[in-house]
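work33.pdb (PDB, C-alpha atoms and all ligand atoms) appears below.
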```
MODEL        1
ATOM      1  CA  MET R 132      13.032 -76.446  51.749  1.00  0.00           C
ATOM      2  CA  THR R 133      16.419 -75.136  52.911  1.00  0.00           C
ATOM      3  CA  ASP R 134      17.103 -71.407  53.029  1.00  0.00           C
ATOM      4  CA  TRP R 135      20.338 -71.485  51.023  1.00  0.00           C
ATOM      5  CA  HIS R 136      21.266 -67.936  51.949  1.00  0.00           C
ATOM      6  CA  GLU R 137      20.973 -68.635  55.670  1.00  0.00           C
ATOM      7  CA  TRP R 138      22.895 -71.906  55.154  1.00  0.00           C
ATOM      8  CA  HIS R 139      26.071 -69.913  54.443  1.00  0.00           C
ATOM      9  CA  THR R 140      26.181 -68.405  57.971  1.00  0.00           C
ATOM     10  CA  SER R 141      27.947 -71.606  59.187  1.00  0.00           C
ATOM     11  CA  TYR R 142      31.034 -70.391  57.338  1.00  0.00           C
ATOM     12  CA  ALA R 143      31.314 -67.534  59.868  1.00  0.00           C
ATOM     13  CA  ASP R 144      32.194 -70.147  62.525  1.00  0.00           C
ATOM     14  CA  ASP R 145      35.712 -71.416  61.848  1.00  0.00           C
ATOM     15  CA  THR R 146      35.066 -74.515  63.953  1.00  0.00           C
ATOM     16  CA  SER R 147      31.927 -75.646  62.086  1.00  0.00           C
ATOM     17  CA  ALA R 148      32.021 -78.852  60.032  1.00  0.00           C
ATOM     18  CA  LEU R 149      31.162 -76.773  57.005  1.00  0.00           C
ATOM     19  CA  SER R 150      34.197 -74.534  57.549  1.00  0.00           C
ATOM     20  CA  ARG R 151      36.413 -77.605  57.913  1.00  0.00           C
ATOM     21  CA  ARG R 152      35.023 -78.956  54.657  1.00  0.00           C
ATOM     22  CA  LEU R 153      35.562 -75.578  52.977  1.00  0.00           C
ATOM     23  CA  ARG R 154      39.225 -75.523  54.013  1.00  0.00           C
ATOM     24  CA  LEU R 155      39.758 -78.991  52.524  1.00  0.00           C
ATOM     25  CA  VAL R 156      38.060 -78.010  49.272  1.00  0.00           C
ATOM     26  CA  GLN R 157      40.149 -74.827  49.123  1.00  0.00           C
ATOM     27  CA  ARG R 158      43.332 -76.825  49.682  1.00  0.00           C
ATOM     28  CA  HIS R 159      42.465 -79.056  46.719  1.00  0.00           C
ATOM     29  CA  ILE R 160      41.715 -76.036  44.521  1.00  0.00           C
ATOM     30  CA  GLY R 161      45.085 -74.503  45.472  1.00  0.00           C
ATOM     31  CA  ASP R 162      46.882 -77.804  44.777  1.00  0.00           C
ATOM     32  CA  TRP R 163      45.180 -78.029  41.401  1.00  0.00           C
ATOM     33  CA  LEU R 164      46.307 -74.503  40.468  1.00  0.00           C
ATOM     34  CA  ASP R 165      49.853 -75.285  41.601  1.00  0.00           C
ATOM     35  CA  GLU R 166      49.930 -78.411  39.439  1.00  0.00           C
ATOM     36  CA  ARG R 167      48.549 -76.862  36.250  1.00  0.00           C
ATOM     37  CA  PRO R 168      51.086 -74.793  34.282  1.00  0.00           C
ATOM     38  CA  GLU R 169      48.639 -73.286  31.744  1.00  0.00           C
ATOM     39  CA  SER R 170      48.147 -69.531  31.577  1.00  0.00           C
ATOM     40  CA  TRP R 171      44.418 -69.939  30.859  1.00  0.00           C
ATOM     41  CA  LEU R 172      42.287 -72.326  32.899  1.00  0.00           C
ATOM     42  CA  ARG R 173      38.532 -72.742  32.873  1.00  0.00           C
ATOM     43  CA  VAL R 174      36.539 -73.519  35.999  1.00  0.00           C
ATOM     44  CA  VAL R 175      32.856 -74.172  36.515  1.00  0.00           C
ATOM     45  CA  SER R 176      31.261 -74.226  39.949  1.00  0.00           C
ATOM     46  CA  VAL R 177      27.969 -76.127  40.027  1.00  0.00           C
ATOM     47  CA  CYS R 178      25.564 -74.621  42.611  1.00  0.00           C
ATOM     48  CA  ALA R 179      28.281 -72.205  43.662  1.00  0.00           C
ATOM     49  CA  GLY R 180      26.528 -70.568  46.602  1.00  0.00           C
ATOM     50  CA  GLN R 181      28.419 -67.392  47.541  1.00  0.00           C
ATOM     51  CA  GLY R 182      31.616 -68.643  45.906  1.00  0.00           C
ATOM     52  CA  ASP R 183      33.509 -69.137  49.181  1.00  0.00           C
ATOM     53  CA  ASP R 184      35.649 -72.003  47.898  1.00  0.00           C
ATOM     54  CA  LEU R 185      36.971 -70.730  44.580  1.00  0.00           C
ATOM     55  CA  VAL R 186      36.925 -67.005  45.342  1.00  0.00           C
ATOM     56  CA  GLY R 187      38.564 -67.624  48.718  1.00  0.00           C
ATOM     57  CA  VAL R 188      41.505 -69.302  46.987  1.00  0.00           C
ATOM     58  CA  VAL R 189      41.867 -67.213  43.836  1.00  0.00           C
ATOM     59  CA  ALA R 190      41.624 -63.864  45.668  1.00  0.00           C
ATOM     60  CA  ARG R 191      44.803 -64.746  47.573  1.00  0.00           C
ATOM     61  CA  ARG R 192      46.867 -65.726  44.529  1.00  0.00           C
ATOM     62  CA  LEU R 193      49.168 -63.727  42.288  1.00  0.00           C
ATOM     63  CA  ASP R 194      48.170 -65.948  39.349  1.00  0.00           C
ATOM     64  CA  ALA R 195      44.452 -65.159  39.662  1.00  0.00           C
ATOM     65  CA  TYR R 196      44.549 -63.958  36.035  1.00  0.00           C
ATOM     66  CA  ARG R 197      44.841 -67.603  34.907  1.00  0.00           C
ATOM     67  CA  VAL R 198      41.387 -68.472  36.234  1.00  0.00           C
ATOM     68  CA  HIS R 199      38.356 -68.007  33.998  1.00  0.00           C
ATOM     69  CA  ALA R 200      35.405 -69.268  35.954  1.00  0.00           C
ATOM     70  CA  THR R 201      31.640 -69.450  35.786  1.00  0.00           C
ATOM     71  CA  LEU R 202      29.815 -69.772  39.087  1.00  0.00           C
ATOM     72  CA  ILE R 203      26.294 -71.094  38.519  1.00  0.00           C
ATOM     73  CA  GLU R 204      23.900 -70.375  41.383  1.00  0.00           C
ATOM     74  CA  LYS R 205      20.122 -70.179  41.567  1.00  0.00           C
ATOM     75  CA  ASP R 206      19.455 -68.088  44.706  1.00  0.00           C
ATOM     76  CA  PRO R 207      19.660 -64.390  43.732  1.00  0.00           C
ATOM     77  CA  ARG R 208      20.825 -63.431  47.243  1.00  0.00           C
ATOM     78  CA  ASN R 209      23.808 -65.765  46.960  1.00  0.00           C
ATOM     79  CA  VAL R 210      24.473 -64.558  43.424  1.00  0.00           C
ATOM     80  CA  ALA R 211      24.578 -60.958  44.709  1.00  0.00           C
ATOM     81  CA  ALA R 212      26.953 -61.932  47.544  1.00  0.00           C
ATOM     82  CA  ALA R 213      29.259 -63.824  45.169  1.00  0.00           C
ATOM     83  CA  ARG R 214      29.274 -60.929  42.691  1.00  0.00           C
ATOM     84  CA  GLU R 215      30.125 -58.471  45.450  1.00  0.00           C
ATOM     85  CA  ARG R 216      32.943 -60.716  46.620  1.00  0.00           C
ATOM     86  CA  THR R 217      34.482 -61.111  43.153  1.00  0.00           C
ATOM     87  CA  ALA R 218      34.182 -57.364  42.475  1.00  0.00           C
ATOM     88  CA  THR R 219      35.817 -56.476  45.800  1.00  0.00           C
ATOM     89  CA  ALA R 220      38.684 -58.860  45.048  1.00  0.00           C
ATOM     90  CA  GLY R 221      38.991 -57.529  41.476  1.00  0.00           C
ATOM     91  CA  LEU R 222      38.518 -60.986  39.982  1.00  0.00           C
ATOM     92  CA  ASP R 223      37.505 -60.053  36.436  1.00  0.00           C
ATOM     93  CA  GLY R 224      37.870 -63.642  35.241  1.00  0.00           C
ATOM     94  CA  ILE R 225      35.052 -64.912  37.446  1.00  0.00           C
ATOM     95  CA  THR R 226      31.466 -64.598  36.206  1.00  0.00           C
ATOM     96  CA  VAL R 227      28.556 -65.331  38.514  1.00  0.00           C
ATOM     97  CA  MET R 228      25.505 -66.574  36.648  1.00  0.00           C
ATOM     98  CA  CYS R 229      22.025 -66.722  38.166  1.00  0.00           C
ATOM     99  CA  ALA R 230      20.736 -69.932  36.599  1.00  0.00           C
ATOM    100  CA  ASP R 231      19.581 -73.496  37.165  1.00  0.00           C
ATOM    101  CA  ALA R 232      22.762 -75.594  37.313  1.00  0.00           C
ATOM    102  CA  GLY R 233      20.607 -78.704  36.951  1.00  0.00           C
ATOM    103  CA  ASP R 234      20.033 -77.882  33.283  1.00  0.00           C
ATOM    104  CA  PHE R 235      22.669 -78.135  30.560  1.00  0.00           C
ATOM    105  CA  ALA R 236      21.486 -74.774  29.196  1.00  0.00           C
ATOM    106  CA  ALA R 237      23.399 -73.022  32.003  1.00  0.00           C
ATOM    107  CA  TYR R 238      26.738 -74.433  30.820  1.00  0.00           C
ATOM    108  CA  ARG R 239      26.677 -73.160  27.232  1.00  0.00           C
ATOM    109  CA  THR R 240      29.549 -70.692  27.734  1.00  0.00           C
ATOM    110  CA  ALA R 241      31.087 -72.365  30.789  1.00  0.00           C
ATOM    111  CA  VAL R 242      32.460 -75.670  29.528  1.00  0.00           C
ATOM    112  CA  PRO R 243      34.545 -77.695  28.767  1.00  0.00           C
ATOM    113  CA  ALA R 244      36.091 -76.947  32.157  1.00  0.00           C
ATOM    114  CA  ASP R 245      39.511 -77.865  33.513  1.00  0.00           C
ATOM    115  CA  LEU R 246      38.117 -77.854  37.046  1.00  0.00           C
ATOM    116  CA  VAL R 247      34.541 -78.752  37.969  1.00  0.00           C
ATOM    117  CA  LEU R 248      33.447 -77.917  41.514  1.00  0.00           C
ATOM    118  CA  LEU R 249      30.600 -80.138  42.656  1.00  0.00           C
ATOM    119  CA  VAL R 250      30.569 -78.955  46.242  1.00  0.00           C
ATOM    120  CA  GLY R 251      27.399 -79.230  48.295  1.00  0.00           C
ATOM    121  CA  VAL R 252      25.493 -80.847  45.448  1.00  0.00           C
ATOM    122  CA  LEU R 253      25.618 -84.659  45.706  1.00  0.00           C
ATOM    123  CA  GLY R 254      24.036 -84.637  49.180  1.00  0.00           C
ATOM    124  CA  ASN R 255      21.040 -82.623  48.026  1.00  0.00           C
ATOM    125  CA  ILE R 256      19.849 -84.691  45.071  1.00  0.00           C
ATOM    126  CA  SER R 257      18.426 -88.214  44.808  1.00  0.00           C
ATOM    127  CA  ASP R 258      20.803 -91.202  44.629  1.00  0.00           C
ATOM    128  CA  GLN R 259      19.603 -91.771  41.082  1.00  0.00           C
ATOM    129  CA  ASP R 260      20.513 -88.171  40.195  1.00  0.00           C
ATOM    130  CA  VAL R 261      23.921 -88.578  41.868  1.00  0.00           C
ATOM    131  CA  ARG R 262      24.691 -91.455  39.536  1.00  0.00           C
ATOM    132  CA  ALA R 263      23.259 -89.659  36.495  1.00  0.00           C
ATOM    133  CA  THR R 264      25.189 -86.457  37.272  1.00  0.00           C
ATOM    134  CA  ILE R 265      28.486 -88.327  37.557  1.00  0.00           C
ATOM    135  CA  ALA R 266      27.737 -90.136  34.278  1.00  0.00           C
ATOM    136  CA  LEU R 267      27.170 -86.749  32.597  1.00  0.00           C
ATOM    137  CA  LEU R 268      30.415 -85.157  33.842  1.00  0.00           C
ATOM    138  CA  PRO R 269      32.332 -86.098  30.638  1.00  0.00           C
ATOM    139  CA  ARG R 270      30.044 -83.524  28.972  1.00  0.00           C
ATOM    140  CA  LEU R 271      31.327 -80.769  31.275  1.00  0.00           C
ATOM    141  CA  CYS R 272      35.006 -81.789  31.464  1.00  0.00           C
ATOM    142  CA  ALA R 273      37.970 -80.843  29.264  1.00  0.00           C
ATOM    143  CA  PRO R 274      40.647 -83.524  28.751  1.00  0.00           C
ATOM    144  CA  GLY R 275      42.558 -84.012  32.013  1.00  0.00           C
ATOM    145  CA  ALA R 276      39.964 -82.108  34.057  1.00  0.00           C
ATOM    146  CA  THR R 277      39.724 -82.375  37.812  1.00  0.00           C
ATOM    147  CA  VAL R 278      36.429 -82.708  39.677  1.00  0.00           C
ATOM    148  CA  VAL R 279      36.262 -81.754  43.368  1.00  0.00           C
ATOM    149  CA  TRP R 280      33.108 -83.111  44.998  1.00  0.00           C
ATOM    150  CA  THR R 281      31.592 -83.494  48.443  1.00  0.00           C
ATOM    151  CA  ARG R 282      29.065 -85.821  49.963  1.00  0.00           C
ATOM    152  CA  THR R 283      27.915 -86.671  53.470  1.00  0.00           C
ATOM    153  CA  ARG R 284      28.745 -90.155  54.793  1.00  0.00           C
ATOM    154  CA  ARG R 285      25.615 -90.239  56.912  1.00  0.00           C
ATOM    155  CA  ASP R 286      23.973 -93.708  56.864  1.00  0.00           C
ATOM    156  CA  PRO R 287      23.366 -95.116  54.334  1.00  0.00           C
ATOM    157  CA  ASP R 288      26.794 -93.961  53.143  1.00  0.00           C
ATOM    158  CA  LEU R 289      26.659 -93.527  49.367  1.00  0.00           C
ATOM    159  CA  THR R 290      30.344 -92.584  48.947  1.00  0.00           C
ATOM    160  CA  PRO R 291      31.589 -96.118  48.087  1.00  0.00           C
ATOM    161  CA  ALA R 292      29.103 -96.139  45.202  1.00  0.00           C
ATOM    162  CA  VAL R 293      29.973 -92.545  44.255  1.00  0.00           C
ATOM    163  CA  ARG R 294      33.669 -93.464  43.976  1.00  0.00           C
ATOM    164  CA  ARG R 295      32.817 -96.536  41.889  1.00  0.00           C
ATOM    165  CA  TRP R 296      30.566 -94.484  39.589  1.00  0.00           C
ATOM    166  CA  PHE R 297      33.387 -92.016  38.950  1.00  0.00           C
ATOM    167  CA  ALA R 298      35.689 -94.903  37.988  1.00  0.00           C
ATOM    168  CA  GLU R 299      33.053 -96.305  35.624  1.00  0.00           C
ATOM    169  CA  VAL R 300      32.976 -93.121  33.517  1.00  0.00           C
ATOM    170  CA  GLY R 301      36.713 -92.560  33.127  1.00  0.00           C
ATOM    171  CA  PHE R 302      37.945 -90.912  36.334  1.00  0.00           C
ATOM    172  CA  THR R 303      40.779 -91.883  38.649  1.00  0.00           C
ATOM    173  CA  GLU R 304      40.735 -90.936  42.296  1.00  0.00           C
ATOM    174  CA  ARG R 305      43.333 -88.390  43.431  1.00  0.00           C
ATOM    175  CA  ALA R 306      42.053 -87.915  46.984  1.00  0.00           C
ATOM    176  CA  PHE R 307      39.252 -88.931  49.273  1.00  0.00           C
ATOM    177  CA  ASP R 308      39.170 -87.064  52.587  1.00  0.00           C
ATOM    178  CA  ALA R 309      36.874 -88.639  55.148  1.00  0.00           C
ATOM    179  CA  PRO R 310      37.732 -87.305  58.628  1.00  0.00           C
ATOM    180  CA  PRO R 311      36.817 -89.939  61.260  1.00  0.00           C
ATOM    181  CA  ASP R 312      35.233 -87.326  63.548  1.00  0.00           C
ATOM    182  CA  ALA R 313      33.002 -85.781  60.871  1.00  0.00           C
ATOM    183  CA  LEU R 314      30.341 -86.949  58.447  1.00  0.00           C
ATOM    184  CA  PHE R 315      31.374 -84.973  55.389  1.00  0.00           C
ATOM    185  CA  SER R 316      33.792 -86.186  52.751  1.00  0.00           C
ATOM    186  CA  VAL R 317      35.687 -84.463  49.966  1.00  0.00           C
ATOM    187  CA  GLY R 318      36.719 -86.331  46.830  1.00  0.00           C
ATOM    188  CA  VAL R 319      39.039 -85.342  43.991  1.00  0.00           C
ATOM    189  CA  HIS R 320      38.855 -87.189  40.693  1.00  0.00           C
ATOM    190  CA  LEU R 321      40.914 -86.784  37.535  1.00  0.00           C
ATOM    191  CA  PHE R 322      39.259 -87.254  34.137  1.00  0.00           C
ATOM    192  CA  HIS R 323      41.204 -89.379  31.701  1.00  0.00           C
ATOM    193  CA  GLY R 324      38.280 -90.351  29.472  1.00  0.00           C
ATOM    194  CA  GLN R 325      36.971 -88.850  26.251  1.00  0.00           C
ATOM    195  CA  PRO R 326      35.094 -85.555  26.653  1.00  0.00           C
ATOM    196  CA  GLU R 327      31.593 -85.531  25.170  1.00  0.00           C
ATOM    197  CA  SER R 328      29.665 -82.555  23.772  1.00  0.00           C
ATOM    198  CA  PRO R 329      26.974 -81.211  26.070  1.00  0.00           C
ATOM    199  CA  PRO R 330      23.439 -80.912  24.680  1.00  0.00           C
ATOM    200  CA  ALA R 331      22.017 -77.371  24.355  1.00  0.00           C
ATOM    201  CA  SER R 332      19.607 -78.138  27.187  1.00  0.00           C
ATOM    202  CA  GLY R 333      18.323 -81.062  29.246  1.00  0.00           C
ATOM    203  CA  ARG R 334      18.036 -82.166  32.844  1.00  0.00           C
ATOM    204  CA  ILE R 335      21.124 -83.149  34.849  1.00  0.00           C
ATOM    205  CA  PHE R 336      19.740 -83.138  38.420  1.00  0.00           C
ATOM    206  CA  THR R 337      17.034 -81.655  40.636  1.00  0.00           C
ATOM    207  CA  PHE R 338      17.570 -80.496  44.221  1.00  0.00           C
ATOM    208  CA  VAL R 339      15.330 -82.299  46.711  1.00  0.00           C
ATOM    209  CA  ARG R 340      16.080 -80.052  49.753  1.00  0.00           C
TER
HETATM  210  C1  LIG X 401      24.898 -76.800  49.936  1.00  0.00           C
HETATM  211  S1  LIG X 401      24.949 -75.234  49.143  1.00  0.00           S
HETATM  212  C2  LIG X 401      26.583 -75.260  48.470  1.00  0.00           C
HETATM  213  C3  LIG X 401      27.086 -73.918  48.073  1.00  0.00           C
HETATM  214  C4  LIG X 401      28.568 -73.898  47.674  1.00  0.00           C
HETATM  215  N1  LIG X 401      28.866 -74.831  46.621  1.00  0.00           N
HETATM  216  C5  LIG X 401      29.421 -74.180  48.878  1.00  0.00           C
HETATM  217  O1  LIG X 401      29.808 -75.334  49.068  1.00  0.00           O
HETATM  218  O2  LIG X 401      29.690 -73.237  49.640  1.00  0.00           O
HETATM  219  C6  LIG X 401      23.936 -75.563  47.726  1.00  0.00           C
HETATM  220  C7  LIG X 401      23.746 -74.342  46.824  1.00  0.00           C
HETATM  221  O3  LIG X 401      23.056 -74.754  45.649  1.00  0.00           O
HETATM  222  C8  LIG X 401      22.156 -73.743  45.266  1.00  0.00           C
HETATM  223  N2  LIG X 401      21.170 -74.365  44.368  1.00  0.00           N
HETATM  224  C9  LIG X 401      20.138 -75.189  44.688  1.00  0.00           C
HETATM  225  N3  LIG X 401      19.524 -75.623  43.576  1.00  0.00           N
HETATM  226  C10 LIG X 401      20.196 -75.077  42.528  1.00  0.00           C
HETATM  227  C11 LIG X 401      20.065 -75.148  41.118  1.00  0.00           C
HETATM  228  N4  LIG X 401      19.104 -75.886  40.545  1.00  0.00           N
HETATM  229  N5  LIG X 401      20.920 -74.453  40.349  1.00  0.00           N
HETATM  230  C12 LIG X 401      21.894 -73.690  40.905  1.00  0.00           C
HETATM  231  N6  LIG X 401      22.084 -73.580  42.236  1.00  0.00           N
HETATM  232  C13 LIG X 401      21.236 -74.274  43.032  1.00  0.00           C
HETATM  233  C14 LIG X 401      21.622 -73.222  46.565  1.00  0.00           C
HETATM  234  O4  LIG X 401      21.039 -71.949  46.424  1.00  0.00           O
HETATM  235  C15 LIG X 401      22.887 -73.236  47.425  1.00  0.00           C
HETATM  236  O5  LIG X 401      23.566 -72.003  47.333  1.00  0.00           O
ENDMDL
END
```
Show me the file's structure as structure tokens.
Ligand SMILES: C[S@@+](CC[C@H](N)C(=O)[O-])C[C@H]1O[C@@H](n2cnc3c(N)ncnc32)[C@H](O)[C@@H]1O
Amino acid sequence: MTDWHEWHTSYADDTSALSRRLRLVQRHIGDWLDERPESWLRVVSVCAGQGDDLVGVVARRLDAYRVHATLIEKDPRNVAAARERTATAGLDGITVMCADAGDFAAYRTAVPADLVLLVGVLGNISDQDVRATIALLPRLCAPGATVVWTRTRRDPDLTPAVRRWFAEVGFTERAFDAPPDALFSVGVHLFHGQPESPPASGRIFTFVR
């Protein structure tokens, strides 16, 4: 199985594919904040790692106070790193929770969210779980929510199906970044369907790596 703490060291290299992907995700988070006028916005990051994407953006903004986020991460080392980062940046609105993001129980106080970050998740679960997770997103989303997601396009490329599955459950595509010289992709989908209540607990997905 992958060492998910070690995995983050690729972010130290600005030229790595992972750093390129991070910059794209961060740009979409910044765009989302610029577009939303509300003074109180809720964010949930599913399998948040060390929080590089959201924390990296919010720490640089004067309107950080608008962001009330829950970062759900299972590896205690990454949880500690994310907590240290949010404390250093003085981001009181960001809570880092050490929990299994594959179970609805982790989301009890975190949703409905205006922004759902599904970054580094869809490539680490079975295709069946990818479809099931997308189908369950209306249970995590507030009306008008945005979902930022990533997925490798390595053969067999699942992203055409992923984009179709989003459409089937009430999302419209805002962006799909697929650099020709890289295998990663970053998608942004807007929820215009009816939010559904999440169950108190129950399986969403299971990591296979
Ligand atoms: C590919 S990394 C992505 C991290 C982060 N989203 C990013 O893009 O920088 C996947 C992360 O999911 C975490 N993880 C794996 N299974 C998990 C689970 N069931 N619940 C919460 N986090 C999990 C790993 O520890 C790892 O930090």
Output the residue selection produced by the PyMOL selection byres (((not hetatm)) within 8 of (chain X and resi 401)) on the file above, formatted as JSON, numbers by chain. {"R": [134, 135, 136, 138, 139, 153, 176, 177, 178, 179, 180, 181, 182, 183, 184, 203, 204, 205, 206, 209, 229, 230, 231, 232, 233, 234, 248, 249, 250, 251, 252, 254, 255, 336, 337, 338]}
Selection result of the PyMOL selection byres (((chain R and resi 296) around 10) and not hetatm) on this file, as a list in words: Val261, Arg262, Ala263, Thr264, Ile265, Ala266, Thr290, Pro291, Ala292, Val293, Arg294, Arg295, Phe297, Ala298, Glu299, Val300, Gly301 and Phe302 of chain R
One-decimal distance in Å that lies between atom CA of R:Val175 and atom CA of R:Ala244: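 According to the coordinates, atom CA of R:Ala244 and atom CA of R:Val175 are separated by 6.1 Å.
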If the PyMOL selection byres (((chain R and resi 315) around 8) and not hetatm) were run on this exact file, what residues would it hold? Put them as a PyMOL selection string. chain R and resi 148+152+281-285+309-310+313-314+316-317
Between stretch 249-279 of chain R and stretch 236-239 of chain R, at 12 Å or less, what are the per-residue closest atom pairs and their distances in Å? Count all atoms listed in the file, order by chain and rising residue number, and return it as CSV.
```
residue,atom,partner,partner_atom,distance
R:Leu268,CA,R:Tyr238,CA,11.7
R:Arg270,CA,R:Tyr238,CA,9.8
R:Leu271,CA,R:Tyr238,CA,7.8
R:Cys272,CA,R:Tyr238,CA,11.1
```
Counting only C-alpha atoms, which of R:Glu215, R:Asp288, R:Asp245, R:Asp165 gets nearest to R:His199?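 Once distances to R:His199 are computed over only C-alpha atoms, the minimum belongs to R:Asp245.
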Atom CA of R:Thr226 to atom CA of R:Glu304: how many Å, to one decimal?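 Interatomic distance, atom CA of R:Thr226 to atom CA of R:Glu304: 28.6 Å.
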Stretch 189-203 of chain R, all listed atoms, 5 Å padding on each side: what axis-aligned box centre and edge lengths in Å to one decimal come out, as JSON?
```
{"center_x": 37.7, "center_y": -67.4, "center_z": 40.8, "size_x": 32.9, "size_y": 17.4, "size_z": 23.6}
```
Fewer than 4 positions away in the same chain doesn't count, so skip those; otherwise give me all residues within 7 Å of stretch 161-163 of chain R, counting only C-alpha atoms, as number ranges by chain. R: 157, 167, 188
Residue with smallest distance to R:Thr219 - pool R:Pro329, R:Gly187, R:Gly275, R:Pro207, counting only C-alpha atoms: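 Of R:Pro329, R:Gly187, R:Gly275, R:Pro207, the one nearest R:Thr219, counting only C-alpha atoms, is R:Gly187.
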As an exercise, work out the distance from atom CA of R:Thr201 to atom CA of R:Trp171 in Å and give it to one decimal place. 13.7 Å
Using all atoms listed in the file, can you tell me which of R:His323, R:Val189, R:Ser328, R:Ala241 comes closest to R:Arg158? R:Val189
Since fewer atoms than expected are present, regenerate N, CA, C and O atoms for stretch 208-222 of chain R and write them as an mmCIF file, in the frame of the given file.
```cif
data_model
loop_
_atom_site.group_PDB
_atom_site.id
_atom_site.type_symbol
_atom_site.label_atom_id
_atom_site.label_comp_id
_atom_site.auth_asym_id
_atom_site.auth_seq_id
_atom_site.Cartn_x
_atom_site.Cartn_y
_atom_site.Cartn_z
ATOM 1 N N ARG R 208 20.102 -64.050 46.109
ATOM 2 C CA ARG R 208 20.825 -63.431 47.243
ATOM 3 C C ARG R 208 22.267 -63.933 47.270
ATOM 4 O O ARG R 208 23.200 -63.179 47.529
ATOM 5 N N ASN R 209 22.447 -65.218 47.000
ATOM 6 C CA ASN R 209 23.808 -65.765 46.960
ATOM 7 C C ASN R 209 24.567 -65.254 45.739
ATOM 8 O O ASN R 209 25.771 -64.995 45.803
ATOM 9 N N VAL R 210 23.850 -65.109 44.645
ATOM 10 C CA VAL R 210 24.473 -64.558 43.424
ATOM 11 C C VAL R 210 24.995 -63.154 43.715
ATOM 12 O O VAL R 210 26.146 -62.815 43.384
ATOM 13 N N ALA R 211 24.171 -62.334 44.389
ATOM 14 C CA ALA R 211 24.578 -60.958 44.709
ATOM 15 C C ALA R 211 25.804 -60.971 45.624
ATOM 16 O O ALA R 211 26.758 -60.198 45.418
ATOM 17 N N ALA R 212 25.811 -61.864 46.618
ATOM 18 C CA ALA R 212 26.953 -61.932 47.544
ATOM 19 C C ALA R 212 28.221 -62.362 46.810
ATOM 20 O O ALA R 212 29.306 -61.803 47.033
ATOM 21 N N ALA R 213 28.087 -63.342 45.921
ATOM 22 C CA ALA R 213 29.259 -63.824 45.169
ATOM 23 C C ALA R 213 29.770 -62.738 44.233
ATOM 24 O O ALA R 213 30.979 -62.537 44.090
ATOM 25 N N ARG R 214 28.853 -62.008 43.599
ATOM 26 C CA ARG R 214 29.274 -60.929 42.691
ATOM 27 C C ARG R 214 29.995 -59.829 43.464
ATOM 28 O O ARG R 214 31.006 -59.285 43.006
ATOM 29 N N GLU R 215 29.493 -59.518 44.640
ATOM 30 C CA GLU R 215 30.125 -58.471 45.450
ATOM 31 C C GLU R 215 31.540 -58.906 45.844
ATOM 32 O O GLU R 215 32.495 -58.135 45.780
ATOM 33 N N ARG R 216 31.643 -60.180 46.198
ATOM 34 C CA ARG R 216 32.943 -60.716 46.620
ATOM 35 C C ARG R 216 33.961 -60.683 45.468
ATOM 36 O O ARG R 216 35.107 -60.285 45.650
ATOM 37 N N THR R 217 33.534 -61.094 44.286
ATOM 38 C CA THR R 217 34.482 -61.111 43.153
ATOM 39 C C THR R 217 34.858 -59.680 42.750
ATOM 40 O O THR R 217 36.012 -59.409 42.423
ATOM 41 N N ALA R 218 33.885 -58.767 42.832
ATOM 42 C CA ALA R 218 34.182 -57.364 42.475
ATOM 43 C C ALA R 218 35.155 -56.765 43.478
ATOM 44 O O ALA R 218 36.131 -56.108 43.090
ATOM 45 N N THR R 219 34.936 -57.022 44.761
ATOM 46 C CA THR R 219 35.817 -56.476 45.800
ATOM 47 C C THR R 219 37.241 -56.982 45.616
ATOM 48 O O THR R 219 38.207 -56.257 45.813
ATOM 49 N N ALA R 220 37.352 -58.264 45.222
ATOM 50 C CA ALA R 220 38.684 -58.860 45.048
ATOM 51 C C ALA R 220 39.272 -58.551 43.667
ATOM 52 O O ALA R 220 40.402 -58.945 43.381
ATOM 53 N N GLY R 221 38.498 -57.880 42.817
ATOM 54 C CA GLY R 221 38.991 -57.529 41.476
ATOM 55 C C GLY R 221 39.198 -58.740 40.584
ATOM 56 O O GLY R 221 40.107 -58.752 39.754
ATOM 57 N N LEU R 222 38.351 -59.740 40.755
ATOM 58 C CA LEU R 222 38.518 -60.986 39.982
ATOM 59 C C LEU R 222 37.680 -60.918 38.698
ATOM 60 O O LEU R 222 36.584 -61.477 38.613
#
```
